[in-house]
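One structure below.
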Amino acid sequence: MALLTKDAENRIVNLLLSEGLAEPNLVLSIKQEAESSGKPVLSELINRQLITNDMVAHATAVIIGVPYVELKNISIDQEILAKIPGDAPSRVLAIPLGEKDGMLNVAMVDPTNVQSTDYISNLINQPIRVWMASERGIREVLSKYHGDFSGVKEAVRETGEEAVEETRSNVKTIVQDSPISKALTTILSYAAKTKASDIHIEPLETSLIIRCRIDGVLRKIMELPKTVAPALVSRIKILSNLKIDEHRIPQDGQFTVLVDNKEIDLRIAISPVTWGEQVVIRLLDKTGVSMEVEKMGMSGRALRTVLEGVKKPNGMILTSGPTGSGKSTTLYALIQKIKSEEINIVTLEDPVEYKMDGINQIQVNTDAGLTFASGLRSILRQDPDVVMVGEIRDSETAGLAVQAALTGHLVFSTLHTNSAAGILPRLLDMGIEPFLLASTLNVVIGQRLVRRITEKREMYKSSEIETKAINDIVGDLLPQDKDHVASVSEDLGYPGLPVKNDSNYMLAHGMDTKETPGGYKGRAGLYETIEVDEDIQKLIISHSTANEIMRLAKSKGTVTMRQDGILKVLSGITSIDEVNRVASDLS
């Protein structure tokens with residue numbers, strides 16, 4: 001808070017009262033107490049939670065005639081943040097906002113401090129225009145943005161071309177406390193704090209791009225000089241126990257980091273590309289994942305179908321979708337549902353993503369000869385009741401999984417197909433006999449992940465195009481009148497669904513802030529589930545297509561992923577744009 005005279009304090013208090021932001025009688029009482037004890041009036045009001053620091057900062061800006069900025073409502077580019085180098089921003093509590101007319105706009109806690117303003121102007125050799133912001137707002141920006149990447153910028157300065165050349169020839173130069181190690185730690189810390197699922201380190205001709213996949217969408221977070229690339233990639237290889245001098249073929253590895261006292265497992269994939277080596281790091285944060293299918297977005301008919309499937313003592317439950325669609329997490333959640341001391345659950349995974357108590361988890365190791373197929377043969381000799389195979393990649397693994405289901409085991413696994421119905425022809429293509437497949441499958445699941453609309457939102461009426469899309473996709477599912485709202489909503493698992501309307505629907509739009517880019521935060525699943533009953537079994541035996549199987553499943557009540565997405569739109573969980581982004585190719 002800026003240093004204020006007694007007269008300025010009184011003017012701020014009066015302004016807050018005139019705007020109705022504080023209760024007059026309480027303020028007067030506290031003001032008298034503060035004056036008699038010699039304490040600052042504003043500090044006492046803040047301590048007693050009658051006003052906030054943000055309110056005082058805004059009022060102060062009005063009194064001293066300086067523009068005010070609410071930092072939580074704006075996004076600041078990393079290049080702008082780098083305009084004030086080193087630890088200067090944290091020392092003088094100042095954040096660069098952007099440039100205009102040759103001047104750098106800077107938000108400060110105390111814009112009346114001439115020494116601080118002169119110091120910043122001289123440091124950057126550029127005139128500045130001062131804005132006022134709250135201390136809380138500036139510290140949040142420092143913590144989330146500038147503080148996170150100061151280590152990287154420092155590493156770039158310290159890692160010149162000479163250091164890079166030395167790194168290429170001498171692995172020992174990349175030690176734990178080296179600048180490049182600190183830079184990697186900073187990048188990993190940022191990704192963990194923003195709950196990113198992946199980090200992409202991509203070399204271009206003259207630079208190195210760092211991108212993070214947050215809530216399913218890749219975002220560029222910084223661009224580094226090309227000279228830092230060899231040292232950064234080498235450090236990652238050392239931590240992953242990979243060959244540092246191998247640049248011609250892809251390499252895979254893994255290691256674990258500790259961020260905020262939480263262990264995060266990292267899966268590393270390094271591939272040679274045109275301008276160097278690309279690194280993709282998958283982050284597996286065990287503490288940040290819900291293991292309840294209901295909280296993941298499965299509800300209504302889909303949830304009931306799956307829960308009935310896992311109650312059976314044997315058979316197969318398969319889930320499908322592209323990479324990163326949450327298939328493994330769904331299987332973990334289903335296993336969590338049935339886990340007990342009475343049954344032996346064994347998993348075969350590549351890698352073991354989330355360690356669970358009471359479950360025997362086996363890590364695939366192809367170099368040692370432990371593949372999905374050989375591991376599954378071994379598992380079946382360990383008296384399991386439930387078997388989870390991380391992925392069915394080939395016909396041998398598929399055949400063994402079917403045999404396990406035929407011999408009294410409950411088998412969970414995943415495949416890469418576009419839909420639930422696509423699982424069935426895919427397994428037939430792998431050489432599984434139709435009659436075996438028909439007799440072993442319990443439930444097949446298709447899924448995608450969409451971003452959730454943040455809690456800070458606005459409601460709006462759907463446009464003519466949006467209304468037509470909603471009616472075309474879920475018009476037959478929606479209640480046709482108010483008398484059926486409760487029963488239909490309960491059946492589909494979405495409370496308070498609207499009555500079918502040919503004109504418009506009330507939809508939600510999230511507020512776009514730096515904490516919630518695009519108005520989204522977190523993700524939810526879109527699901528479709530098919531119970532393999534006698535009618536579906538007949539289609540499998542007759543080698544029917546995925547479209548024919550899905551057509552029959554829909555007639556029996558299956559809600560498709562696209563329909564599930566639109567129901568989530570009507571419930572305010574996500575947006576039509578998100579559903580179109582991940583499920584536009586689905587019926």
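Each chain in the structure tokens gets a letter, A, B, ..., in the order shown, and its residues are numbered from 1; ligands are numbered from 1 in order too.
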Close residues, Ile473 of chain A itself excluded, 10 Å, only C-alpha atoms, min 2 positions apart in chain, as a PDB file with C-alpha atoms, in the first residue's frame:
ATOM      1  CA  LYS A 468     -31.086 -25.933 -34.759  1.00  0.00           C
ATOM      2  CA  ALA A 469     -27.995 -27.991 -33.867  1.00  0.00           C
ATOM      3  CA  ILE A 470     -29.336 -28.729 -30.380  1.00  0.00           C
ATOM      4  CA  ASN A 471     -32.744 -29.765 -31.703  1.00  0.00           C
ATOM      5  CA  GLY A 475     -34.334 -32.978 -29.702  1.00  0.00           C
ATOM      6  CA  ASP A 476     -35.691 -36.530 -29.399  1.00  0.00           C
ATOM      7  CA  LEU A 477     -34.041 -36.950 -25.976  1.00  0.00           C
ATOM      8  CA  THR A 560     -23.818 -41.012 -28.332  1.00  0.00           C
ATOM      9  CA  ARG A 562     -22.045 -36.027 -29.412  1.00  0.00           C
ATOM     10  CA  GLN A 563     -25.447 -36.211 -27.732  1.00  0.00           C
ATOM     11  CA  ASP A 564     -23.789 -36.468 -24.325  1.00  0.00           C
ATOM     12  CA  GLY A 565     -21.797 -33.355 -25.210  1.00  0.00           C
ATOM     13  CA  ILE A 566     -24.903 -31.340 -26.119  1.00  0.00           C
ATOM     14  CA  LEU A 567     -26.603 -32.455 -22.883  1.00  0.00           C
ATOM     15  CA  SER A 587     -22.712 -39.044 -35.130  1.00  0.00           C
TER      16      SER A 587
END
Residue set, segment 339-587 of chain A restricted to strand (DSSP E), as an MDAnalysis selection string: chainID A and resid 345:349 360:363 386:389 410:415 441:453 457:461 506:510 520:531
Generate a file of the selected residues that holds N, CA and C atoms, formatted as a short mmCIF file (atom, residue, chain, number, x, y, z; two decimals), in the first residue's frame.
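See out.cif below for the written result:
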data_model
loop_
_atom_site.label_atom_id
_atom_site.label_comp_id
_atom_site.auth_asym_id
_atom_site.auth_seq_id
_atom_site.Cartn_x
_atom_site.Cartn_y
_atom_site.Cartn_z
N ILE A 345 -6.71 -58.37 -8.01
CA ILE A 345 -6.70 -57.53 -9.21
C ILE A 345 -5.25 -57.34 -9.64
N VAL A 346 -4.96 -57.68 -10.90
CA VAL A 346 -3.62 -57.54 -11.45
C VAL A 346 -3.69 -56.68 -12.71
N THR A 347 -2.78 -55.70 -12.82
CA THR A 347 -2.76 -54.85 -14.01
C THR A 347 -1.43 -54.99 -14.73
N LEU A 348 -1.46 -54.79 -16.04
CA LEU A 348 -0.27 -54.80 -16.89
C LEU A 348 -0.28 -53.50 -17.68
N GLU A 349 0.67 -52.60 -17.40
CA GLU A 349 0.58 -51.24 -17.92
C GLU A 349 1.92 -50.78 -18.52
N ASN A 360 -2.12 -55.30 -7.68
CA ASN A 360 -0.80 -55.73 -8.14
C ASN A 360 -0.57 -55.18 -9.56
N GLN A 361 0.31 -54.18 -9.66
CA GLN A 361 0.53 -53.51 -10.93
C GLN A 361 1.90 -53.90 -11.51
N ILE A 362 1.89 -54.29 -12.77
CA ILE A 362 3.11 -54.74 -13.45
C ILE A 362 3.46 -53.76 -14.56
N GLN A 363 4.72 -53.35 -14.60
CA GLN A 363 5.21 -52.43 -15.62
C GLN A 363 5.76 -53.21 -16.82
N VAL A 386 -9.55 -60.27 -11.50
CA VAL A 386 -9.72 -59.14 -12.42
C VAL A 386 -8.37 -58.82 -13.05
N VAL A 387 -8.37 -58.63 -14.36
CA VAL A 387 -7.14 -58.30 -15.08
C VAL A 387 -7.35 -57.00 -15.86
N MET A 388 -6.40 -56.08 -15.74
CA MET A 388 -6.44 -54.87 -16.55
C MET A 388 -5.21 -54.86 -17.46
N VAL A 389 -5.43 -54.80 -18.77
CA VAL A 389 -4.36 -54.70 -19.74
C VAL A 389 -4.37 -53.27 -20.27
N LEU A 410 -12.59 -61.20 -15.22
CA LEU A 410 -13.12 -59.92 -15.68
C LEU A 410 -11.95 -59.11 -16.21
N VAL A 411 -12.01 -58.75 -17.50
CA VAL A 411 -10.88 -58.12 -18.18
C VAL A 411 -11.23 -56.68 -18.56
N PHE A 412 -10.35 -55.74 -18.19
CA PHE A 412 -10.47 -54.33 -18.59
C PHE A 412 -9.33 -54.01 -19.56
N SER A 413 -9.61 -53.24 -20.61
CA SER A 413 -8.53 -52.81 -21.49
C SER A 413 -8.99 -51.63 -22.36
N THR A 414 -8.04 -51.11 -23.16
CA THR A 414 -8.32 -49.96 -24.03
C THR A 414 -7.89 -50.27 -25.46
N LEU A 415 -8.53 -49.58 -26.42
CA LEU A 415 -8.13 -49.63 -27.82
C LEU A 415 -8.20 -48.21 -28.39
N LEU A 441 -17.69 -60.04 -24.63
CA LEU A 441 -17.83 -58.60 -24.39
C LEU A 441 -19.03 -58.29 -23.50
N ASN A 442 -18.82 -57.52 -22.45
CA ASN A 442 -19.92 -57.03 -21.60
C ASN A 442 -20.37 -55.64 -22.03
N VAL A 443 -19.40 -54.70 -22.05
CA VAL A 443 -19.68 -53.30 -22.35
C VAL A 443 -18.52 -52.72 -23.13
N VAL A 444 -18.83 -51.88 -24.12
CA VAL A 444 -17.79 -51.11 -24.81
C VAL A 444 -18.08 -49.63 -24.59
N ILE A 445 -17.02 -48.85 -24.39
CA ILE A 445 -17.15 -47.43 -24.03
C ILE A 445 -16.34 -46.60 -25.02
N GLY A 446 -16.93 -45.52 -25.51
CA GLY A 446 -16.21 -44.53 -26.30
C GLY A 446 -16.15 -43.24 -25.51
N GLN A 447 -15.04 -42.50 -25.59
CA GLN A 447 -14.95 -41.27 -24.81
C GLN A 447 -14.04 -40.22 -25.43
N ARG A 448 -14.29 -38.99 -25.04
CA ARG A 448 -13.48 -37.82 -25.36
C ARG A 448 -13.44 -36.93 -24.12
N LEU A 449 -12.56 -35.94 -24.11
CA LEU A 449 -12.51 -34.96 -23.03
C LEU A 449 -12.78 -33.57 -23.57
N VAL A 450 -13.65 -32.81 -22.89
CA VAL A 450 -13.92 -31.42 -23.24
C VAL A 450 -13.57 -30.52 -22.05
N ARG A 451 -13.29 -29.25 -22.34
CA ARG A 451 -12.99 -28.31 -21.27
C ARG A 451 -14.29 -27.87 -20.58
N ARG A 452 -14.21 -27.72 -19.26
CA ARG A 452 -15.34 -27.25 -18.47
C ARG A 452 -15.41 -25.73 -18.47
N ILE A 453 -16.61 -25.19 -18.54
CA ILE A 453 -16.81 -23.74 -18.40
C ILE A 453 -16.55 -23.35 -16.95
N ARG A 457 -19.23 -16.99 -15.08
CA ARG A 457 -19.85 -17.19 -16.38
C ARG A 457 -20.99 -16.21 -16.63
N GLU A 458 -21.40 -16.14 -17.88
CA GLU A 458 -22.56 -15.36 -18.27
C GLU A 458 -23.51 -16.29 -19.03
N MET A 459 -24.81 -16.02 -18.89
CA MET A 459 -25.80 -16.81 -19.61
C MET A 459 -26.26 -16.02 -20.84
N TYR A 460 -26.56 -16.75 -21.92
CA TYR A 460 -27.05 -16.09 -23.14
C TYR A 460 -28.02 -17.03 -23.85
N LYS A 461 -28.82 -16.44 -24.75
CA LYS A 461 -29.76 -17.23 -25.52
C LYS A 461 -29.07 -17.78 -26.77
N MET A 506 -31.09 -21.47 -23.05
CA MET A 506 -30.15 -20.69 -22.25
C MET A 506 -28.84 -21.48 -22.12
N LEU A 507 -27.76 -20.87 -22.61
CA LEU A 507 -26.45 -21.51 -22.57
C LEU A 507 -25.48 -20.66 -21.76
N ALA A 508 -24.36 -21.25 -21.38
CA ALA A 508 -23.38 -20.56 -20.55
C ALA A 508 -22.13 -20.22 -21.36
N HIS A 509 -21.52 -19.10 -20.99
CA HIS A 509 -20.25 -18.67 -21.60
C HIS A 509 -19.30 -18.26 -20.48
N GLY A 510 -18.13 -18.89 -20.38
CA GLY A 510 -17.20 -18.60 -19.30
C GLY A 510 -16.48 -17.27 -19.49
N TYR A 520 -12.51 -21.35 -19.67
CA TYR A 520 -12.56 -22.76 -19.29
C TYR A 520 -11.58 -23.06 -18.16
N LYS A 521 -11.91 -24.06 -17.35
CA LYS A 521 -10.99 -24.56 -16.34
C LYS A 521 -11.37 -25.99 -15.98
N GLY A 522 -10.44 -26.92 -16.17
CA GLY A 522 -10.73 -28.33 -15.90
C GLY A 522 -11.37 -29.00 -17.11
N ARG A 523 -11.55 -30.32 -17.00
CA ARG A 523 -12.14 -31.07 -18.11
C ARG A 523 -13.17 -32.07 -17.62
N ALA A 524 -14.05 -32.44 -18.52
CA ALA A 524 -15.08 -33.46 -18.25
C ALA A 524 -15.12 -34.42 -19.42
N GLY A 525 -15.58 -35.63 -19.18
CA GLY A 525 -15.63 -36.63 -20.24
C GLY A 525 -16.96 -36.64 -20.98
N LEU A 526 -16.89 -36.93 -22.28
CA LEU A 526 -18.08 -37.27 -23.07
C LEU A 526 -18.04 -38.78 -23.26
N TYR A 527 -19.15 -39.44 -23.02
CA TYR A 527 -19.15 -40.90 -23.05
C TYR A 527 -20.30 -41.45 -23.88
N GLU A 528 -20.04 -42.60 -24.51
CA GLU A 528 -21.11 -43.42 -25.06
C GLU A 528 -20.81 -44.86 -24.68
N THR A 529 -21.81 -45.57 -24.26
CA THR A 529 -21.62 -46.96 -23.82
C THR A 529 -22.61 -47.87 -24.53
N ILE A 530 -22.14 -49.04 -24.91
CA ILE A 530 -23.00 -50.02 -25.58
C ILE A 530 -22.96 -51.32 -24.79
N GLU A 531 -24.12 -51.74 -24.34
CA GLU A 531 -24.22 -53.06 -23.70
C GLU A 531 -24.32 -54.12 -24.79
#
7 Å contact set for segment 207-223 of chain A, only C-alpha atoms, chain neighbours under 2 positions out, as a ChimeraX atom specification: /A:78,191,195-205,225-226,229,451,521-523
Selection near Pro313 of chain A, 8 Å with only C-alpha atoms, sequence-local residues under 2 positions removed, as a VMD selection string: chain A and resid 310 to 311 315 408 to 410
Take the residues from that selection and write them out as a PDB file, in the first residue's frame, keeping C-alpha atoms.
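out_39.pdb written:
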ATOM      1  CA  VAL A 310     -18.555 -54.438 -13.923  1.00  0.00           C
ATOM      2  CA  LYS A 311     -20.861 -56.404 -11.615  1.00  0.00           C
ATOM      3  CA  GLY A 315     -16.200 -60.860 -19.534  1.00  0.00           C
ATOM      4  CA  GLY A 408     -13.749 -66.757 -15.803  1.00  0.00           C
ATOM      5  CA  HIS A 409     -11.818 -63.477 -15.497  1.00  0.00           C
ATOM      6  CA  LEU A 410     -13.123 -59.923 -15.675  1.00  0.00           C
TER       7      LEU A 410
END
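If you look at atom CA of Glu391 of chain A and atom CA of Lys193 of chain A, they are 29.3 Å away from each other.
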